[in-house]
file input_14.txt (compact mmCIF, C-alpha atoms)
# COMPACT_ATOMS: atom_id res chain seq x y z
CA MET A 44 115.77 120.56 90.98
CA VAL A 45 117.95 123.54 91.79
CA ASP A 46 118.01 126.16 89.02
CA LEU A 47 121.68 126.50 88.13
CA ASN A 48 123.41 129.76 87.37
CA PHE A 49 125.52 129.20 84.26
CA LYS A 50 127.76 132.27 84.14
CA ASN A 51 128.78 132.93 80.55
CA GLY A 52 127.04 129.66 79.77
CA ILE A 53 129.25 127.44 81.92
CA ILE A 54 129.66 126.20 85.47
CA PRO A 55 132.76 124.77 87.16
CA VAL A 56 132.56 121.17 88.34
CA ALA A 57 134.80 119.17 90.65
CA ALA A 58 134.58 115.41 90.16
CA GLN A 59 135.27 113.69 93.45
CA ASP A 60 135.99 109.99 93.97
CA ASN A 61 132.93 108.65 95.77
CA GLU A 62 135.02 106.16 97.74
CA THR A 63 138.16 108.06 98.70
CA GLY A 64 137.05 111.69 98.52
CA GLU A 65 139.98 112.49 96.22
CA VAL A 66 139.29 115.34 93.80
CA LEU A 67 139.87 113.74 90.40
CA MET A 68 139.49 116.72 88.08
CA ILE A 69 137.96 120.15 87.69
CA ALA A 70 136.27 121.05 84.43
CA PHE A 71 133.24 122.92 83.13
CA MET A 72 129.72 122.05 82.02
CA ASN A 73 127.31 123.96 79.86
CA GLU A 74 123.58 123.25 80.10
CA ASP A 75 123.73 120.51 77.48
CA ALA A 76 126.57 118.71 79.27
CA PHE A 77 124.66 118.96 82.53
CA GLU A 78 121.46 117.58 80.99
CA LEU A 79 123.36 114.72 79.34
CA THR A 80 125.00 113.93 82.67
CA LEU A 81 121.59 113.72 84.36
CA LYS A 82 120.07 111.71 81.52
CA THR A 83 122.86 109.17 81.06
CA GLY A 84 124.34 108.93 84.56
CA CYS A 85 127.77 109.45 83.01
CA VAL A 86 129.56 112.76 83.44
CA HIS A 87 129.76 115.01 80.38
CA TYR A 88 131.73 118.25 80.21
CA TRP A 89 132.01 121.31 78.00
CA SER A 90 135.35 121.77 76.28
CA ARG A 91 136.20 125.47 76.28
CA LYS A 92 138.98 124.83 73.80
CA ASN A 93 137.01 122.80 71.27
CA SER A 94 133.59 124.30 71.99
CA ARG A 95 131.88 120.96 72.22
CA VAL A 96 130.31 118.65 74.77
CA TRP A 97 132.39 115.56 75.50
CA LYS A 98 131.70 112.46 77.49
CA LYS A 99 134.42 111.70 80.01
CA GLY A 100 135.90 108.37 78.91
CA GLU A 101 134.57 108.49 75.35
CA GLU A 102 137.93 107.43 73.95
CA SER A 103 139.60 105.73 76.94
CA GLY A 104 136.57 104.03 78.45
CA HIS A 105 137.44 105.76 81.72
CA PHE A 106 133.91 106.88 82.43
CA GLN A 107 132.69 108.72 85.49
CA ARG A 108 129.43 107.26 86.77
CA VAL A 109 127.39 109.71 88.81
CA LYS A 110 126.75 108.77 92.42
CA GLN A 111 125.66 112.15 93.79
CA ILE A 112 125.49 115.74 92.56
CA LEU A 113 125.96 118.56 95.07
CA VAL A 114 125.35 122.23 94.34
CA ASP A 115 126.79 125.21 96.16
CA CYS A 116 125.03 128.06 97.95
CA ASP A 117 125.12 130.30 94.88
CA ASN A 118 123.96 127.60 92.45
CA ASP A 119 127.02 128.30 90.33
CA SER A 120 129.33 125.33 90.95
CA LEU A 121 128.96 121.59 91.35
CA VAL A 122 130.66 118.71 93.10
CA ILE A 123 129.88 115.39 91.47
CA LYS A 124 130.72 112.28 93.41
CA VAL A 125 131.60 109.59 90.92
CA ASP A 126 132.61 106.02 90.50
CA GLN A 127 135.69 106.56 88.33
CA VAL A 128 136.56 103.80 85.89
CA ARG A 129 140.30 103.15 86.19
CA ALA A 130 141.64 106.72 86.29
CA ALA A 131 140.59 110.27 85.57
CA CYS A 132 143.77 111.69 84.09
CA HIS A 133 144.88 111.20 80.48
CA THR A 134 148.50 111.04 81.67
CA GLY A 135 147.86 107.75 83.48
CA PHE A 136 147.35 109.02 87.01
CA ARG A 137 144.25 108.29 89.05
CA SER A 138 143.65 112.03 89.59
CA CYS A 139 144.57 115.01 87.44
CA PHE A 140 145.90 116.56 90.68
CA PHE A 141 148.95 114.35 90.91
CA ARG A 142 151.43 117.18 91.56
CA THR A 143 151.97 119.76 94.23
CA ILE A 144 152.39 123.37 93.11
CA ASP A 145 156.19 123.01 93.28
CA GLY A 146 155.99 120.29 90.63
CA THR A 147 156.50 117.29 92.89
CA THR A 148 154.62 114.20 91.75
CA ILE A 149 152.60 112.71 94.59
CA GLY A 150 150.09 110.64 92.59
CA LYS A 151 150.33 107.05 91.49
CA LYS A 152 150.36 106.11 87.83
CA VAL A 153 147.80 103.41 87.19
CA PHE A 154 147.88 102.97 83.41
CA ASP A 155 150.10 103.56 80.41
CA PRO A 156 148.48 106.27 78.27
CA GLU A 157 150.29 105.14 75.14
CA LEU A 158 148.36 101.89 75.30
CA VAL A 159 145.04 103.67 75.79
CA TYR A 160 145.12 106.71 73.52
CA LYS A 161 145.61 106.34 69.80
CA THR A 162 147.68 109.45 69.26
CA GLY A 163 150.45 108.37 71.60
CA ASP A 164 150.81 112.05 72.46
CA THR A 165 150.42 111.87 76.19
CA THR A 166 152.40 114.68 77.74
CA ALA A 167 150.51 117.03 79.98
CA GLU A 168 151.89 119.98 78.06
CA SER A 169 150.55 118.92 74.70
CA HIS A 170 147.17 117.74 75.94
CA SER A 171 144.23 119.85 76.83
CA LYS A 172 141.21 118.70 78.78
CA SER A 173 139.42 118.42 75.49
CA SER A 174 141.60 115.43 74.69
CA GLN A 175 141.03 113.74 78.03
CA LYS A 176 138.58 111.41 76.43
CA MET B 138 156.93 126.20 90.87
CA VAL B 139 154.49 125.13 88.17
CA ASP B 140 153.68 127.88 85.67
CA LEU B 141 149.90 128.26 85.87
CA ASN B 142 147.63 128.81 82.92
CA PHE B 143 145.22 131.59 83.87
CA LYS B 144 142.57 131.42 81.15
CA ASN B 145 140.97 134.85 80.75
CA GLY B 146 143.03 135.81 83.76
CA ILE B 147 141.48 133.35 86.21
CA ILE B 148 141.76 129.76 87.35
CA PRO B 149 139.14 127.62 89.17
CA VAL B 150 140.02 126.43 92.66
CA ALA B 151 138.44 123.78 94.86
CA ALA B 152 139.12 124.26 98.56
CA GLN B 153 139.14 120.89 100.26
CA ASP B 154 139.05 120.22 104.01
CA ASN B 155 142.47 118.87 104.86
CA GLU B 156 141.08 116.59 107.54
CA THR B 157 137.85 115.21 106.07
CA GLY B 158 138.39 115.60 102.31
CA GLU B 159 135.09 117.46 102.02
CA VAL B 160 135.01 120.00 99.20
CA LEU B 161 134.21 123.26 100.97
CA MET B 162 133.83 125.66 98.05
CA ILE B 163 134.80 126.30 94.44
CA ALA B 164 135.86 129.78 93.42
CA PHE B 165 138.39 131.53 91.19
CA MET B 166 141.81 133.11 91.59
CA ASN B 167 143.59 135.61 89.44
CA GLU B 168 147.38 135.91 89.62
CA ASP B 169 147.26 138.45 92.45
CA ALA B 170 144.98 136.24 94.56
CA PHE B 171 147.28 133.29 93.94
CA GLU B 172 150.39 135.26 94.90
CA LEU B 173 148.71 136.58 98.05
CA THR B 174 147.68 133.04 98.96
CA LEU B 175 151.28 131.86 98.63
CA LYS B 176 152.66 134.85 100.50
CA THR B 177 150.22 134.88 103.42
CA GLY B 178 149.30 131.20 103.77
CA CYS B 179 145.64 132.25 103.78
CA VAL B 180 143.48 131.61 100.73
CA HIS B 181 142.52 134.64 98.63
CA TYR B 182 140.12 134.57 95.70
CA TRP B 183 139.09 136.75 92.79
CA SER B 184 135.52 137.98 92.85
CA ARG B 185 134.18 137.90 89.31
CA LYS B 186 131.18 139.96 90.40
CA ASN B 187 133.04 142.73 92.21
CA SER B 188 136.30 142.52 90.23
CA ARG B 189 138.47 142.48 93.29
CA VAL B 190 140.68 140.16 95.28
CA TRP B 191 139.20 139.09 98.60
CA LYS B 192 140.59 137.16 101.50
CA LYS B 193 138.38 134.30 102.55
CA GLY B 194 137.25 135.13 106.08
CA GLU B 195 138.04 138.84 105.91
CA GLU B 196 134.69 139.72 107.48
CA SER B 197 133.73 136.52 109.29
CA GLY B 198 137.14 135.43 110.49
CA HIS B 199 136.51 132.09 108.80
CA PHE B 200 139.92 131.92 107.16
CA GLN B 201 141.29 129.07 105.09
CA ARG B 202 144.87 128.26 106.04
CA VAL B 203 146.79 126.56 103.27
CA LYS B 204 148.05 123.07 103.98
CA GLN B 205 148.83 121.90 100.44
CA ILE B 206 148.30 123.20 96.91
CA LEU B 207 147.78 120.69 94.11
CA VAL B 208 147.78 121.54 90.40
CA ASP B 209 146.18 119.58 87.61
CA CYS B 210 147.75 118.10 84.47
CA ASP B 211 146.93 121.15 82.36
CA ASN B 212 148.10 123.68 84.95
CA ASP B 213 144.71 125.35 84.77
CA SER B 214 142.97 124.37 87.99
CA LEU B 215 143.92 123.98 91.65
CA VAL B 216 142.91 121.96 94.67
CA ILE B 217 143.91 123.65 97.90
CA LYS B 218 143.80 121.57 101.03
CA VAL B 219 142.96 123.86 103.90
CA ASP B 220 142.41 124.10 107.59
CA GLN B 221 139.04 125.81 107.56
CA VAL B 222 138.25 128.07 110.49
CA ARG B 223 134.71 127.21 111.65
CA ALA B 224 132.91 127.00 108.31
CA ALA B 225 133.32 127.91 104.65
CA CYS B 226 129.79 128.93 103.74
CA HIS B 227 128.28 132.32 104.50
CA THR B 228 124.91 130.63 105.12
CA GLY B 229 126.26 128.90 108.22
CA PHE B 230 127.06 125.50 106.79
CA ARG B 231 130.49 123.91 107.01
CA SER B 232 130.63 123.50 103.21
CA CYS B 233 129.00 125.54 100.46
CA PHE B 234 127.94 122.17 99.00
CA PHE B 235 125.29 121.49 101.63
CA ARG B 236 122.55 120.52 99.14
CA THR B 237 122.03 117.83 96.56
CA ILE B 238 120.95 118.92 93.10
CA ASP B 239 117.30 118.20 93.97
CA GLY B 240 117.51 120.83 96.71
CA THR B 241 117.74 118.48 99.69
CA THR B 242 119.87 119.84 102.52
CA ILE B 243 122.45 117.29 103.62
CA GLY B 244 124.92 119.60 105.38
CA LYS B 245 125.06 120.60 108.99
CA LYS B 246 124.66 124.23 110.05
CA VAL B 247 127.46 125.17 112.39
CA PHE B 248 126.92 128.89 112.96
CA ASP B 249 124.23 131.55 112.78
CA PRO B 250 125.14 133.93 109.94
CA GLU B 251 123.08 136.76 111.43
CA LEU B 252 125.45 136.83 114.35
CA VAL B 253 128.52 136.86 112.09
CA TYR B 254 127.69 139.13 109.17
CA LYS B 255 126.73 142.71 109.75
CA THR B 256 124.16 142.98 106.97
CA GLY B 257 121.95 140.27 108.37
CA ASP B 258 121.13 139.40 104.76
CA THR B 259 122.07 135.77 104.75
CA THR B 260 119.96 133.95 102.20
CA ALA B 261 121.82 132.01 99.58
CA GLU B 262 119.79 133.72 96.88
CA SER B 263 120.72 137.24 97.88
CA HIS B 264 124.38 136.55 98.51
CA SER B 265 127.11 136.17 95.97
CA LYS B 266 130.51 134.63 96.59
CA SER B 267 131.83 138.14 96.78
CA SER B 268 129.98 138.53 100.06
CA GLN B 269 131.34 135.31 101.57
CA LYS B 270 133.81 137.25 103.57
call {"tool": "encode", "arguments": {"input": "input_14.txt", "output": "structure tokens"}}
result
Amino acid sequence: MVDLNFKNGIIPVAAQDNETGEVLMIAFMNEDAFELTLKTGCVHYWSRKNSRVWKKGEESGHFQRVKQILVDCDNDSLVIKVDQVRAACHTGFRSCFFRTIDGTTIGKKVFDPELVYKTGDTTAESHSKSSQK
Amino acid sequence: MVDLNFKNGIIPVAAQDNETGEVLMIAFMNEDAFELTLKTGCVHYWSRKNSRVWKKGEESGHFQRVKQILVDCDNDSLVIKVDQVRAACHTGFRSCFFRTIDGTTIGKKVFDPELVYKTGDTTAESHSKSSQK
């Protein structure tokens, strides 16, 4: 196993759709999140905002099942190829990267977040990654 | 233009091969690196180790030409689809993610780093991203 370099305790992770190659989200892991990911086969992240480990899909059921974990040359970032249940983004899009930098939506909405999340508060502006459960 | 959320002054970026969808590297940008990327059409990053902006390929000539910039739902991470000149990794592989987490090499070496970098010091362990020029 490669010895990872957790800078300031965390490491950036890109979750990539194992089938399509689409990057679904970028988030961070601490050592605990990484170990839980290995142990369970479901991706866990570290919430910088809430200072806690969270399991992707813990509220929505939109889990990310690990297919392959790749590590970079410096051992300080990961690409995890996943089977994504339904969609990665809490706003209803398959990928969190559903917009170009000029704000144009290019992604496809695949679920209604108000039917999935209890709060009903589903705007990108009011959500943080910590609530992408 | 989407107003980006630079947490602690930086934002994680995944550079993705525009043709193959392969994730080539993950690094960080500060605002200056982002602005230079927009202005020049070549990807620039922020080196956390050396505290400076660097242009990908500035030493090797292995530039990343911007094809599309995607932003996530929280405006705090980017995917940049690029035309990668030759290879992204300073170790000679096309992608920095040339190993699985168990250390198995799965990538293909496409150049000899000793012929490209002047130092001749090309091991992954001794290099930081700041030297991936």
call {"tool": "interface_residues", "arguments": {"input": "input_14.txt", "of": "chain B", "to": "chain A", "cutoff": "8 Å", "atoms": "all atoms listed in the file", "output": "PyMOL selection string"}}
result
chain B and resi 138-139+149+151+158-160+162-163+205-211+214-216+226+228+233-240+261-262+264-266
call {"tool": "closest_residue", "arguments": {"input": "input_14.txt", "among": "B:Asn142, B:Pro250, B:Val219, B:Ser197", "to": "Cys179 in chain B", "atoms": "all atoms listed in the file"}}
result
B:Val219
call {"tool": "calpha_fit_and_write", "arguments": {"input": "input_14.txt", "fixed": "chain A", "moving": "chain B", "output": "PDB file with C-alpha atoms, in the coordinates of the input"}}
result
ATOM      1  CA  MET B 138     115.775 120.530  91.003  1.00  0.00           C
ATOM      2  CA  VAL B 139     117.943 123.536  91.808  1.00  0.00           C
ATOM      3  CA  ASP B 140     117.995 126.160  89.055  1.00  0.00           C
ATOM      4  CA  LEU B 141     121.672 126.505  88.142  1.00  0.00           C
ATOM      5  CA  ASN B 142     123.407 129.755  87.376  1.00  0.00           C
ATOM      6  CA  PHE B 143     125.502 129.193  84.256  1.00  0.00           C
ATOM      7  CA  LYS B 144     127.744 132.260  84.141  1.00  0.00           C
ATOM      8  CA  ASN B 145     128.764 132.927  80.536  1.00  0.00           C
ATOM      9  CA  GLY B 146     127.027 129.666  79.776  1.00  0.00           C
ATOM     10  CA  ILE B 147     129.239 127.431  81.913  1.00  0.00           C
ATOM     11  CA  ILE B 148     129.638 126.218  85.468  1.00  0.00           C
ATOM     12  CA  PRO B 149     132.766 124.763  87.159  1.00  0.00           C
ATOM     13  CA  VAL B 150     132.560 121.169  88.345  1.00  0.00           C
ATOM     14  CA  ALA B 151     134.794 119.183  90.674  1.00  0.00           C
ATOM     15  CA  ALA B 152     134.574 115.430  90.174  1.00  0.00           C
ATOM     16  CA  GLN B 153     135.274 113.703  93.456  1.00  0.00           C
ATOM     17  CA  ASP B 154     135.980 109.995  93.984  1.00  0.00           C
ATOM     18  CA  ASN B 155     132.941 108.650  95.771  1.00  0.00           C
ATOM     19  CA  GLU B 156     135.003 106.167  97.745  1.00  0.00           C
ATOM     20  CA  THR B 157     138.161 108.065  98.706  1.00  0.00           C
ATOM     21  CA  GLY B 158     137.053 111.714  98.519  1.00  0.00           C
ATOM     22  CA  GLU B 159     139.979 112.494  96.225  1.00  0.00           C
ATOM     23  CA  VAL B 160     139.301 115.328  93.792  1.00  0.00           C
ATOM     24  CA  LEU B 161     139.863 113.731  90.396  1.00  0.00           C
ATOM     25  CA  MET B 162     139.485 116.705  88.063  1.00  0.00           C
ATOM     26  CA  ILE B 163     137.941 120.148  87.684  1.00  0.00           C
ATOM     27  CA  ALA B 164     136.261 121.051  84.422  1.00  0.00           C
ATOM     28  CA  PHE B 165     133.221 122.919  83.118  1.00  0.00           C
ATOM     29  CA  MET B 166     129.699 122.056  82.021  1.00  0.00           C
ATOM     30  CA  ASN B 167     127.297 123.962  79.867  1.00  0.00           C
ATOM     31  CA  GLU B 168     123.565 123.248  80.096  1.00  0.00           C
ATOM     32  CA  ASP B 169     123.712 120.496  77.473  1.00  0.00           C
ATOM     33  CA  ALA B 170     126.557 118.705  79.271  1.00  0.00           C
ATOM     34  CA  PHE B 171     124.640 118.954  82.533  1.00  0.00           C
ATOM     35  CA  GLU B 172     121.444 117.586  80.988  1.00  0.00           C
ATOM     36  CA  LEU B 173     123.339 114.724  79.344  1.00  0.00           C
ATOM     37  CA  THR B 174     124.982 113.926  82.673  1.00  0.00           C
ATOM     38  CA  LEU B 175     121.578 113.725  84.356  1.00  0.00           C
ATOM     39  CA  LYS B 176     120.057 111.715  81.529  1.00  0.00           C
ATOM     40  CA  THR B 177     122.850 109.173  81.062  1.00  0.00           C
ATOM     41  CA  GLY B 178     124.328 108.911  84.563  1.00  0.00           C
ATOM     42  CA  CYS B 179     127.765 109.436  83.011  1.00  0.00           C
ATOM     43  CA  VAL B 180     129.549 112.754  83.441  1.00  0.00           C
ATOM     44  CA  HIS B 181     129.763 115.007  80.376  1.00  0.00           C
ATOM     45  CA  TYR B 182     131.717 118.247  80.205  1.00  0.00           C
ATOM     46  CA  TRP B 183     132.009 121.302  77.998  1.00  0.00           C
ATOM     47  CA  SER B 184     135.339 121.766  76.279  1.00  0.00           C
ATOM     48  CA  ARG B 185     136.171 125.459  76.286  1.00  0.00           C
ATOM     49  CA  LYS B 186     138.966 124.833  73.791  1.00  0.00           C
ATOM     50  CA  ASN B 187     136.998 122.812  71.251  1.00  0.00           C
ATOM     51  CA  SER B 188     133.559 124.305  71.981  1.00  0.00           C
ATOM     52  CA  ARG B 189     131.864 120.967  72.225  1.00  0.00           C
ATOM     53  CA  VAL B 190     130.308 118.653  74.765  1.00  0.00           C
ATOM     54  CA  TRP B 191     132.373 115.565  75.508  1.00  0.00           C
ATOM     55  CA  LYS B 192     131.692 112.473  77.518  1.00  0.00           C
ATOM     56  CA  LYS B 193     134.414 111.712  80.004  1.00  0.00           C
ATOM     57  CA  GLY B 194     135.893 108.390  78.909  1.00  0.00           C
ATOM     58  CA  GLU B 195     134.563 108.492  75.354  1.00  0.00           C
ATOM     59  CA  GLU B 196     137.938 107.426  73.962  1.00  0.00           C
ATOM     60  CA  SER B 197     139.589 105.731  76.935  1.00  0.00           C
ATOM     61  CA  GLY B 198     136.571 104.044  78.453  1.00  0.00           C
ATOM     62  CA  HIS B 199     137.432 105.765  81.725  1.00  0.00           C
ATOM     63  CA  PHE B 200     133.887 106.900  82.425  1.00  0.00           C
ATOM     64  CA  GLN B 201     132.666 108.718  85.505  1.00  0.00           C
ATOM     65  CA  ARG B 202     129.406 107.258  86.777  1.00  0.00           C
ATOM     66  CA  VAL B 203     127.384 109.705  88.819  1.00  0.00           C
ATOM     67  CA  LYS B 204     126.748 108.780  92.426  1.00  0.00           C
ATOM     68  CA  GLN B 205     125.659 112.158  93.809  1.00  0.00           C
ATOM     69  CA  ILE B 206     125.501 115.743  92.564  1.00  0.00           C
ATOM     70  CA  LEU B 207     125.981 118.557  95.066  1.00  0.00           C
ATOM     71  CA  VAL B 208     125.343 122.239  94.347  1.00  0.00           C
ATOM     72  CA  ASP B 209     126.804 125.204  96.153  1.00  0.00           C
ATOM     73  CA  CYS B 210     125.041 128.070  97.940  1.00  0.00           C
ATOM     74  CA  ASP B 211     125.113 130.313  94.876  1.00  0.00           C
ATOM     75  CA  ASN B 212     123.964 127.615  92.452  1.00  0.00           C
ATOM     76  CA  ASP B 213     127.022 128.296  90.330  1.00  0.00           C
ATOM     77  CA  SER B 214     129.315 125.345  90.950  1.00  0.00           C
ATOM     78  CA  LEU B 215     128.949 121.582  91.350  1.00  0.00           C
ATOM     79  CA  VAL B 216     130.649 118.712  93.108  1.00  0.00           C
ATOM     80  CA  ILE B 217     129.876 115.394  91.471  1.00  0.00           C
ATOM     81  CA  LYS B 218     130.717 112.286  93.411  1.00  0.00           C
ATOM     82  CA  VAL B 219     131.611 109.593  90.934  1.00  0.00           C
ATOM     83  CA  ASP B 220     132.629 106.022  90.498  1.00  0.00           C
ATOM     84  CA  GLN B 221     135.682 106.553  88.335  1.00  0.00           C
ATOM     85  CA  VAL B 222     136.539 103.794  85.892  1.00  0.00           C
ATOM     86  CA  ARG B 223     140.293 103.139  86.208  1.00  0.00           C
ATOM     87  CA  ALA B 224     141.622 106.699  86.273  1.00  0.00           C
ATOM     88  CA  ALA B 225     140.580 110.274  85.549  1.00  0.00           C
ATOM     89  CA  CYS B 226     143.766 111.690  84.075  1.00  0.00           C
ATOM     90  CA  HIS B 227     144.865 111.195  80.484  1.00  0.00           C
ATOM     91  CA  THR B 228     148.496 111.040  81.663  1.00  0.00           C
ATOM     92  CA  GLY B 229     147.853 107.758  83.463  1.00  0.00           C
ATOM     93  CA  PHE B 230     147.357 109.017  86.987  1.00  0.00           C
ATOM     94  CA  ARG B 231     144.255 108.291  89.034  1.00  0.00           C
ATOM     95  CA  SER B 232     143.648 112.027  89.583  1.00  0.00           C
ATOM     96  CA  CYS B 233     144.570 115.006  87.426  1.00  0.00           C
ATOM     97  CA  PHE B 234     145.889 116.560  90.660  1.00  0.00           C
ATOM     98  CA  PHE B 235     148.949 114.326  90.875  1.00  0.00           C
ATOM     99  CA  ARG B 236     151.427 117.168  91.532  1.00  0.00           C
ATOM    100  CA  THR B 237     151.963 119.762  94.206  1.00  0.00           C
ATOM    101  CA  ILE B 238     152.384 123.354  93.089  1.00  0.00           C
ATOM    102  CA  ASP B 239     156.184 123.003  93.261  1.00  0.00           C
ATOM    103  CA  GLY B 240     155.982 120.295  90.598  1.00  0.00           C
ATOM    104  CA  THR B 241     156.509 117.283  92.858  1.00  0.00           C
ATOM    105  CA  THR B 242     154.620 114.196  91.719  1.00  0.00           C
ATOM    106  CA  ILE B 243     152.611 112.708  94.568  1.00  0.00           C
ATOM    107  CA  GLY B 244     150.104 110.643  92.571  1.00  0.00           C
ATOM    108  CA  LYS B 245     150.326 107.063  91.483  1.00  0.00           C
ATOM    109  CA  LYS B 246     150.345 106.116  87.800  1.00  0.00           C
ATOM    110  CA  VAL B 247     147.792 103.413  87.186  1.00  0.00           C
ATOM    111  CA  PHE B 248     147.867 102.973  83.411  1.00  0.00           C
ATOM    112  CA  ASP B 249     150.096 103.567  80.407  1.00  0.00           C
ATOM    113  CA  PRO B 250     148.468 106.278  78.272  1.00  0.00           C
ATOM    114  CA  GLU B 251     150.287 105.132  75.134  1.00  0.00           C
ATOM    115  CA  LEU B 252     148.361 101.906  75.302  1.00  0.00           C
ATOM    116  CA  VAL B 253     145.035 103.706  75.776  1.00  0.00           C
ATOM    117  CA  TYR B 254     145.116 106.742  73.509  1.00  0.00           C
ATOM    118  CA  LYS B 255     145.624 106.350  69.813  1.00  0.00           C
ATOM    119  CA  THR B 256     147.717 109.470  69.276  1.00  0.00           C
ATOM    120  CA  GLY B 257     150.465 108.366  71.602  1.00  0.00           C
ATOM    121  CA  ASP B 258     150.892 112.044  72.466  1.00  0.00           C
ATOM    122  CA  THR B 259     150.490 111.875  76.190  1.00  0.00           C
ATOM    123  CA  THR B 260     152.464 114.676  77.779  1.00  0.00           C
ATOM    124  CA  ALA B 261     150.555 116.980  80.045  1.00  0.00           C
ATOM    125  CA  GLU B 262     151.923 119.963  78.157  1.00  0.00           C
ATOM    126  CA  SER B 263     150.646 118.885  74.771  1.00  0.00           C
ATOM    127  CA  HIS B 264     147.246 117.732  75.947  1.00  0.00           C
ATOM    128  CA  SER B 265     144.273 119.852  76.788  1.00  0.00           C
ATOM    129  CA  LYS B 266     141.248 118.735  78.769  1.00  0.00           C
ATOM    130  CA  SER B 267     139.478 118.403  75.474  1.00  0.00           C
ATOM    131  CA  SER B 268     141.691 115.425  74.722  1.00  0.00           C
ATOM    132  CA  GLN B 269     141.030 113.697  78.050  1.00  0.00           C
ATOM    133  CA  LYS B 270     138.610 111.390  76.411  1.00  0.00           C
TER     134      LYS B 270
END
call {"tool": "atom_distance", "arguments": {"input": "input_14.txt", "atom1": "CA of Tyr88 in chain A", "atom2": "CA of Met72 in chain A"}}
result
4.7 Å
call {"tool": "axis_aligned_box", "arguments": {"input": "input_14.txt", "around": "range 185-190 of chain B", "padding_each_side": "5 Å", "output": "lines of an AutoDock Vina configuration file"}}
result
center_x = 135.9
center_y = 140.3
center_z = 92.3
size_x = 19.5
size_y = 14.8
size_z = 16.0
call {"tool": "atom_distance", "arguments": {"input": "input_14.txt", "atom1": "CA of Val253 in chain B", "atom2": "CA of Asn167 in chain B"}}
result
27.2 Å
call {"tool": "atom_distance", "arguments": {"input": "input_14.txt", "atom1": "CA of Thr83 in chain A", "atom2": "CA of Leu158 in chain A"}}
result
27.1 Å
